[in-house]
Amino acid sequence: MKKVGGLSDIILKTEGVGVTYQESIVALKNVSLNVPTAKLTAILGPSGCGKTTLLKVIAGLIEPTKGKVIVGGKEIIGPGPDRALVFQDFALLPWATVLQNVAFGLRARGVPKKEREETSLHYIRQVGLLGFEDKYPHQLSGGMRQRTGLARALTINSDILLMDEPFSAVDEQMRRKLQEDLLKLLKIESKTVIFVTHSIEEAVYLADQVVILSGRPGSIADIVYPEIDRLGEVDLIRRQPGYIELVDEIWSSLKRYVE
Amino acid sequence: MSDSQNLASIPENSEINSSKVGTKVSLFLWRLFSFFLAFSIWELAGRADISIAFPPFSEVAVAFVSMIYSGEFTVAYADSLPPLLTGLCITIIGGVFIGISIGLARSAEWFVMPLLIIFQTAPVSALIPMLTYIYGISDTAKVVAIVILGMPLVALNSYKGIQATNPSLLEMSKSFLASRVDTILFVILPSAQKMIFAGLRLGVSGAFIGIVLAELLITPTGIGDLITYNRFIARYDKMFATIVSILAIAGLTLSLMSIFEDWLFPSEKHK
């Protein structure tokens, strides 16, 4: 495991972010983090450690009690066009079709109907949902729902994709498929991804930078940079030397925070 | 992959459509059968000589038709329908407006909610004689009776529907930079739609109770008068025919509302 200070340009950073609920419950404490451009950063930690809180602070949905989030050199004051969120529970409108759901962000931006449908269909095709654009969420499987959520986040063409345990609500085989597809997709679309997970394997498999949070209150326990070659076939990633060792290493450092 | 799935979905859809038509026809037949069953039981019970005040269905049906031709219904409904329609409009529009407003604005909540809960839980029929003192024997008294029986139900359900919006959808809307108006139009209102319409159904039923109560208790006019008068002269067939007529109008109104709901939110049909 090699630790590197900066992988490349920093697109987003948090400076001493702390979140306190109801004046006494400390969810996050002094989180300072650099997120490199066009790389995948995983936020990993035991349940209840504030991973999702950190992501929502970055998304601008939760205002930090202390510290700040800086994107492209500017402090954020809420959600912005530079960040798109993918939700753990998909957050799809049940009364709207796949196409209408995917087009939601563009509609909110006032993009004309024809244009937003064209863009949405492009991303529906890219996530492998073409032919399902007129279906309703309840007619889709969990995996297809999350593909819809991903397409919605992609349509608004923001540089940063924030994913909150995106694959935790689907079964193991679907999770693997979605992970592979995400890697393939990121080879086409150059995005900076920050995703929250509780799966060590998922973090090592996908991420260029793994941020390990300690138990409550969440603070950064360690940052590791898996040196895994993702340029070749995605199938081969898990067979690379060092993959299993790194998973074990992270587990031994994380174990003490798991009750 | 996607092309073949696209093709595969075509026969699947038409299959769904043809089976849906089949379901609709059989649903209609079942409903017809349930009416037939209820009327048969009524007929048998009426012929069993339980009470002279309970005529069989056939006599009531004859009275019903005769009352249409004699113009008794026309006269009575000419009295009852204008205040009923006015009251219904106020109940529906006012109720939905108040419910949505207090659902969206926290500041309105503490002010309006206690009043609504009192009106919903109080035995409102007990208030009706009081309305006579305030508004006298007038159409206004009828309208007020309708509104206090119907509107709290509409408002409370609309309010609850708004409050029950999935917080995750609200977060989604916010993170995708939707304006407050867009969030209300595309997230909150569609989400509250089922509760709002459930409230409307209850409120419309309440409104019908209101008009009958008002005409029985306040102003002996219209439908209420027709019921009271026929009971007084022991024409129970006509009394029941009048009751059936108001039930039929209430049922028709509720069906129209359900058609309106389907028209307004066609996607719900797919569920």
# chains A, B, ... in the order shown; residues from 1 in each chain; ligands from 1
>>> select_by_dssp(residues="range 89-191 of chain A", states="helix (DSSP H, G or I)", output="ChimeraX atom specification")
/A:98-102,104-108,113-126,137-139,142-155,172-188
>>> closest_atom_pairs(of="chain A", to="chain B", cutoff="6 Å", atoms="only C-alpha atoms", output="CSV")
residue,atom,partner,partner_atom,distance
A:Pro79,CA,B:Ser175,CA,5.3
A:Ala91,CA,B:Leu169,CA,5.3
A:Trp95,CA,B:Ser267,CA,6.0
A:Gly105,CA,B:Phe176,CA,5.1
A:Ala108,CA,B:Ala178,CA,4.6
A:Leu130,CA,B:Ser2,CA,5.4
A:Gly131,CA,B:Asn6,CA,4.5
>>> write_last_selection(atoms="N, CA and C atoms", output="JSON list (two decimals), in the first residue's frame")
[["chain", "number", "residue", "atom", "x", "y", "z"],
["A", 79, "PRO", "N", -26.76, 22.88, -2.89],
["A", 79, "PRO", "CA", -26.59, 22.05, -4.08],
["A", 79, "PRO", "C", -26.21, 22.93, -5.27],
["A", 91, "ALA", "N", -34.78, 7.17, -5.15],
["A", 91, "ALA", "CA", -35.50, 8.45, -5.18],
["A", 91, "ALA", "C", -36.10, 8.74, -6.56],
["A", 95, "TRP", "N", -44.78, 8.03, -10.07],
["A", 95, "TRP", "CA", -45.83, 8.32, -11.05],
["A", 95, "TRP", "C", -45.25, 8.74, -12.39],
["A", 105, "GLY", "N", -33.86, 16.49, -13.82],
["A", 105, "GLY", "CA", -32.87, 17.54, -13.59],
["A", 105, "GLY", "C", -32.86, 18.59, -14.70],
["A", 108, "ALA", "N", -35.94, 20.78, -14.43],
["A", 108, "ALA", "CA", -35.77, 21.78, -13.37],
["A", 108, "ALA", "C", -34.89, 22.94, -13.85],
["A", 130, "LEU", "N", -32.41, 1.28, -22.77],
["A", 130, "LEU", "CA", -33.19, 1.63, -23.96],
["A", 130, "LEU", "C", -34.29, 0.58, -24.16],
["A", 131, "GLY", "N", -35.49, 1.05, -24.46],
["A", 131, "GLY", "CA", -36.64, 0.15, -24.58],
["A", 131, "GLY", "C", -37.48, 0.17, -23.31]]
>>> residues_around(residues="range 249-257 of chain A", least_positions_apart="4", cutoff="12 Å", atoms="only C-alpha atoms", output="ChimeraX atom specification")
/A:1,44-49,198-204,210-226,242-245
>>> residues_around(residues="range 174-183 of chain A", least_positions_apart="5", cutoff="8 Å", atoms="only C-alpha atoms", output="PyMOL selection string")
chain A and resi 127+143+167-168+202+206+234-235
>>> closest_residue(among="B:Leu116, B:Val204, B:Ile162, B:Leu189", to="Leu85 in chain B", atoms="only C-alpha atoms")
B:Val204
>>> residues_around(residues="Glu117 in chain A", least_positions_apart="3", cutoff="10 Å", atoms="only C-alpha atoms", output="PyMOL selection string")
chain A and resi 99-100+102-103+106-107+111-114+120-123+155
>>> residues_around(residues="Ala141 in chain B", least_positions_apart="5", cutoff="7 Å", atoms="only C-alpha atoms", output="list in words")
Leu131, Thr132, Tyr135 and Gly136 of chain B
>>> write_last_selection(atoms="C-alpha atoms", output="PDB file, in the first residue's frame")
ATOM      1  CA  LEU B 131     -77.020  27.660  12.240  1.00  0.00           C
ATOM      2  CA  THR B 132     -80.736  28.373  12.108  1.00  0.00           C
ATOM      3  CA  TYR B 135     -78.569  32.309   9.173  1.00  0.00           C
ATOM      4  CA  GLY B 136     -82.298  31.725   9.576  1.00  0.00           C
TER       5      GLY B 136
END
>>> atom_distance(atom1="CA of Ile90 in chain B", atom2="CA of Lys160 in chain B")
19.8 Å
>>> residues_around(residues="range 238-255 of chain B", least_positions_apart="3", cutoff="9 Å", atoms="only C-alpha atoms", output="VMD selection string")
chain B and resid 54 to 55 59 to 65 67 73 200 to 201 204 to 205 208 212 223 to 224 226 to 231 234 to 235 258 to 260
>>> atom_distance(atom1="CA of Thr197 in chain A", atom2="CA of Val170 in chain A")
13.2 Å
